[in-house]
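> If it helps, the file is called run-v5.pdb and holds PDB, C-alpha atoms, pLDDT in the B column:
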MODEL        1
ATOM      1  CA  MET W   1     168.665 151.897 106.262  1.00 96.00           C
ATOM      2  CA  TYR W   2     167.004 153.203 103.117  1.00 98.00           C
ATOM      3  CA  PHE W   3     163.757 155.064 102.474  1.00 98.00           C
ATOM      4  CA  CYS W   4     161.222 154.570  99.703  1.00 97.00           C
ATOM      5  CA  GLU W   5     159.569 157.925  99.023  1.00 97.00           C
ATOM      6  CA  LYS W   6     156.759 156.198  97.120  1.00 96.00           C
ATOM      7  CA  CYS W   7     155.771 153.805  99.943  1.00 94.00           C
ATOM      8  CA  ASN W   8     157.163 155.783 102.891  1.00 96.00           C
ATOM      9  CA  ALA W   9     158.757 152.519 103.939  1.00 96.00           C
ATOM     10  CA  ILE W  10     162.127 151.706 105.473  1.00 97.00           C
ATOM     11  CA  MET W  11     164.194 149.101 103.660  1.00 97.00           C
ATOM     12  CA  GLN W  12     167.477 147.396 104.423  1.00 96.00           C
ATOM     13  CA  ASP W  13     168.465 147.381 100.752  1.00 96.00           C
ATOM     14  CA  THR W  14     168.416 150.022  98.013  1.00 97.00           C
ATOM     15  CA  THR W  15     165.384 148.413  96.323  1.00 97.00           C
ATOM     16  CA  CYS W  16     161.874 148.620  97.805  1.00 97.00           C
ATOM     17  CA  THR W  17     160.372 145.185  98.358  1.00 96.00           C
ATOM     18  CA  ALA W  18     156.849 146.669  98.284  1.00 94.00           C
ATOM     19  CA  CYS W  19     156.864 148.624  95.001  1.00 96.00           C
ATOM     20  CA  GLY W  20     160.145 147.681  93.335  1.00 96.00           C
ATOM     21  CA  LYS W  21     161.564 151.211  93.249  1.00 97.00           C
ATOM     22  CA  ARG W  22     165.357 151.175  92.934  1.00 97.00           C
ATOM     23  CA  ARG W  23     168.131 153.419  94.182  1.00 97.00           C
ATOM     24  CA  LEU W  24     166.468 154.354  97.436  1.00 98.00           C
ATOM     25  CA  ARG W  25     168.054 157.136  99.436  1.00 98.00           C
ATOM     26  CA  GLU W  26     169.251 156.860 103.008  1.00 98.00           C
ATOM     27  CA  VAL W  27     166.497 157.424 105.539  1.00 98.00           C
ATOM     28  CA  GLN W  28     166.596 160.795 107.302  1.00 98.00           C
ATOM     29  CA  PRO W  29     165.580 161.358 110.951  1.00 98.00           C
ATOM     30  CA  ASP W  30     162.485 163.430 110.030  1.00 98.00           C
ATOM     31  CA  ASP W  31     161.162 161.113 107.289  1.00 98.00           C
ATOM     32  CA  PHE W  32     157.626 159.980 108.167  1.00 97.00           C
ATOM     33  CA  CYS W  33     157.830 156.216 107.737  1.00 97.00           C
ATOM     34  CA  HIS W  34     155.138 153.564 107.740  1.00 97.00           C
ATOM     35  CA  TYR W  35     155.258 151.895 111.140  1.00 96.00           C
ATOM     36  CA  ILE W  36     152.222 149.581 111.225  1.00 95.00           C
ATOM     37  CA  SER W  37     148.681 149.072 109.903  1.00 93.00           C
ATOM     38  CA  LEU W  38     145.923 148.526 112.448  1.00 92.00           C
ATOM     39  CA  PRO W  39     142.126 148.316 112.661  1.00 90.00           C
ATOM     40  CA  ALA W  40     140.550 151.750 113.117  1.00 88.00           C
ATOM     41  CA  TYR W  41     139.663 151.480 116.805  1.00 86.00           C
ATOM     42  CA  VAL W  42     143.121 150.167 117.753  1.00 89.00           C
ATOM     43  CA  ALA W  43     144.861 152.707 115.513  1.00 91.00           C
ATOM     44  CA  ARG W  44     143.088 155.594 117.241  1.00 91.00           C
ATOM     45  CA  MET W  45     144.037 154.267 120.667  1.00 92.00           C
ATOM     46  CA  PHE W  46     147.658 153.831 119.574  1.00 94.00           C
ATOM     47  CA  GLU W  47     147.672 157.322 118.018  1.00 95.00           C
ATOM     48  CA  GLU W  48     146.551 158.916 121.290  1.00 95.00           C
ATOM     49  CA  THR W  49     149.116 156.956 123.282  1.00 95.00           C
ATOM     50  CA  LEU W  50     151.897 158.041 120.924  1.00 97.00           C
ATOM     51  CA  LYS W  51     150.807 161.670 121.217  1.00 97.00           C
ATOM     52  CA  ASP W  52     150.763 161.377 125.006  1.00 96.00           C
ATOM     53  CA  GLU W  53     154.378 160.142 124.783  1.00 96.00           C
ATOM     54  CA  GLY W  54     155.396 163.094 122.576  1.00 97.00           C
ATOM     55  CA  VAL W  55     155.716 161.061 119.370  1.00 97.00           C
ATOM     56  CA  PRO W  56     154.523 162.843 116.206  1.00 98.00           C
ATOM     57  CA  VAL W  57     152.120 160.557 114.355  1.00 97.00           C
ATOM     58  CA  ALA W  58     150.059 160.558 111.161  1.00 96.00           C
ATOM     59  CA  LEU W  59     147.270 158.163 110.191  1.00 95.00           C
ATOM     60  CA  LEU W  60     146.150 157.369 106.665  1.00 91.00           C
ATOM     61  CA  GLY W  61     142.865 155.540 106.141  1.00 88.00           C
ATOM     62  CA  MET W  62     142.970 152.387 104.036  1.00 83.00           C
ATOM     63  CA  GLY W  63     139.237 152.114 103.293  1.00 66.00           C
ATOM     64  CA  GLY W  64     136.641 149.771 104.634  1.00 58.00           C
ATOM     65  CA  PHE W  65     133.256 150.473 106.119  1.00 54.00           C
ATOM     66  CA  LEU W  66     131.870 151.397 109.503  1.00 52.00           C
ATOM     67  CA  THR W  67     128.920 149.854 111.276  1.00 49.00           C
ATOM     68  CA  SER W  68     127.560 150.499 114.737  1.00 44.00           C
ATOM     69  CA  ALA W  69     129.231 147.401 116.151  1.00 48.00           C
ATOM     70  CA  LYS W  70     132.424 146.825 114.194  1.00 54.00           C
ATOM     71  CA  THR W  71     134.680 148.381 111.628  1.00 53.00           C
ATOM     72  CA  SER W  72     136.607 146.906 108.770  1.00 63.00           C
ATOM     73  CA  ALA W  73     138.463 150.170 108.191  1.00 84.00           C
ATOM     74  CA  ARG W  74     142.194 150.131 108.798  1.00 89.00           C
ATOM     75  CA  TYR W  75     144.775 152.852 109.182  1.00 93.00           C
ATOM     76  CA  LYS W  76     148.413 153.017 108.213  1.00 95.00           C
ATOM     77  CA  ILE W  77     150.366 154.670 110.995  1.00 96.00           C
ATOM     78  CA  TYR W  78     153.404 156.808 110.212  1.00 97.00           C
ATOM     79  CA  VAL W  79     156.019 158.204 112.587  1.00 98.00           C
ATOM     80  CA  PRO W  80     159.278 160.053 111.932  1.00 98.00           C
ATOM     81  CA  TYR W  81     162.202 157.662 111.635  1.00 98.00           C
ATOM     82  CA  LYS W  82     163.891 159.166 114.705  1.00 98.00           C
ATOM     83  CA  TYR W  83     160.853 158.066 116.776  1.00 98.00           C
ATOM     84  CA  PHE W  84     160.690 154.475 115.509  1.00 96.00           C
ATOM     85  CA  ASP W  85     162.255 152.978 118.651  1.00 96.00           C
ATOM     86  CA  LYS W  86     159.939 154.988 120.901  1.00 97.00           C
ATOM     87  CA  ALA W  87     156.894 153.920 118.825  1.00 96.00           C
ATOM     88  CA  ARG W  88     157.999 150.287 119.193  1.00 95.00           C
ATOM     89  CA  GLU W  89     158.306 150.688 122.980  1.00 95.00           C
ATOM     90  CA  VAL W  90     154.823 152.212 123.191  1.00 94.00           C
ATOM     91  CA  TYR W  91     153.301 149.564 120.923  1.00 94.00           C
ATOM     92  CA  GLU W  92     154.837 146.697 122.878  1.00 92.00           C
ATOM     93  CA  ALA W  93     153.764 148.196 126.207  1.00 88.00           C
ATOM     94  CA  VAL W  94     150.161 148.654 125.029  1.00 81.00           C
ATOM     95  CA  TYR W  95     149.840 145.218 123.477  1.00 75.00           C
ATOM     96  CA  LYS W  96     151.572 143.333 126.274  1.00 71.00           C
ATOM     97  CA  THR W  97     149.042 144.933 128.617  1.00 63.00           C
ATOM     98  CA  LEU W  98     146.117 144.020 126.361  1.00 57.00           C
ATOM     99  CA  ASP W  99     147.386 140.451 125.849  1.00 56.00           C
ATOM    100  CA  SER W 100     147.813 139.875 129.578  1.00 55.00           C
ATOM    101  CA  LYS W 101     144.167 140.860 130.195  1.00 51.00           C
ATOM    102  CA  GLU W 102     142.795 138.249 127.811  1.00 47.00           C
TER     103      GLU W 102
ENDMDL
END
Turn the structure described in the file into structure tokens.

Amino acid sequence: MYFCEKCNAIMQDTTCTACGKRRLREVQPDDFCHYISLPAYVARMFEETLKDEGVPVALLGMGGFLTSAKTSARYKIYVPYKYFDKAREVYEAVYKTLDSKE
């Protein structure tokens, strides 16, 4: 796997499909990589769950606006590459639970 330092994204090839950067380097275990983008309220819930599971996490706001009822703001969520599998497990557990309640 390769890492785009501009996008903080993991790629399977040496060219980033998001920005076009070439000659990507191999991803390192401690590289903070973009995992997912979520609405603000879901992102905060996921962030807390990751922290509870011992997964380092960083959120980056993507803009939007807040109202008393809803938000259009979104967050990009980043985790170190070595925690990607754990983040996936947590995400799937949270969303399977939420889906089954609907």
> As a PyMOL selection string, please: the residues near segment 29-39 of chain W (cut-off 7 Å, only C-alpha atoms, same-chain neighbours under 3 positions excluded).
chain W and resi 8-10+42-43+72-82
> Residues within 12 Å of Gly20 of chain W, please, as a list of chain:residue names. Count all atoms listed in the file; anything in the same chain fewer than 4 positions from it doesn't count.
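Surrounding residues, per the criterion: W:Cys4, W:Glu5, W:Lys6, W:Cys7, W:Ala9, W:Met11, W:Asp13, W:Thr14, W:Thr15, W:Cys16, W:Leu24.
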> Give me the result of the PyMOL selection byres ((chain W and resi 45) around 12) on this file, residue by residue, as a list of chain:residue names.
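Taken over the shown coordinates, the PyMOL selection byres ((chain W and resi 45) around 12) returns W:Leu38, W:Pro39, W:Ala40, W:Tyr41, W:Val42, W:Ala43, W:Arg44, W:Phe46, W:Glu47, W:Glu48, W:Thr49, W:Leu50, W:Lys51, W:Asp52, W:Leu59, W:Tyr75, W:Ile77, W:Val90, W:Tyr91, W:Val94, W:Tyr95, W:Leu98.
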> Emit as AutoDock Vina command-line options the padded axis-aligned box for all listed atoms of segment 30-38 of chain W, 6 Å per side, with centre and edge lengths in Å to one decimal.

--center_x 154.2 --center_y 156.0 --center_z 109.9 --size_x 28.6 --size_y 26.9 --size_z 17.2
> If you apply the PyMOL selection byres ((chain W and resi 25) around 6) to this file, what residues do you get, as a list in words?
Tyr2, Phe3, Leu24 and Glu26 of chain W
> Using C-alpha atoms, can you write the selected residues to a file as a CSV table (one decimal), in the frame of the given file?

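New file result-v4.csv:
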chain,number,residue,atom,x,y,z
W,2,TYR,CA,167.0,153.2,103.1
W,3,PHE,CA,163.8,155.1,102.5
W,24,LEU,CA,166.5,154.4,97.4
W,26,GLU,CA,169.3,156.9,103.0
> Could you tell me how far atom CA of Met62 of chain W sits from atom CA of Lys96 of chain W, in Å to one decimal place?
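Computed distance, atom CA of Lys96 of chain W to atom CA of Met62 of chain W, equals 25.5 Å.
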> When you draw a straight line from atom CA of Lys86 of chain W to atom CA of Met1 of chain W, how long is it in Å?
17.3 Å
> One decimal, Å: what's the distance from atom CA of Ala18 of chain W over to atom CA of Phe84 of chain W, could you say?
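Between atom CA of Ala18 of chain W and atom CA of Phe84 of chain W the gap is 19.3 Å.
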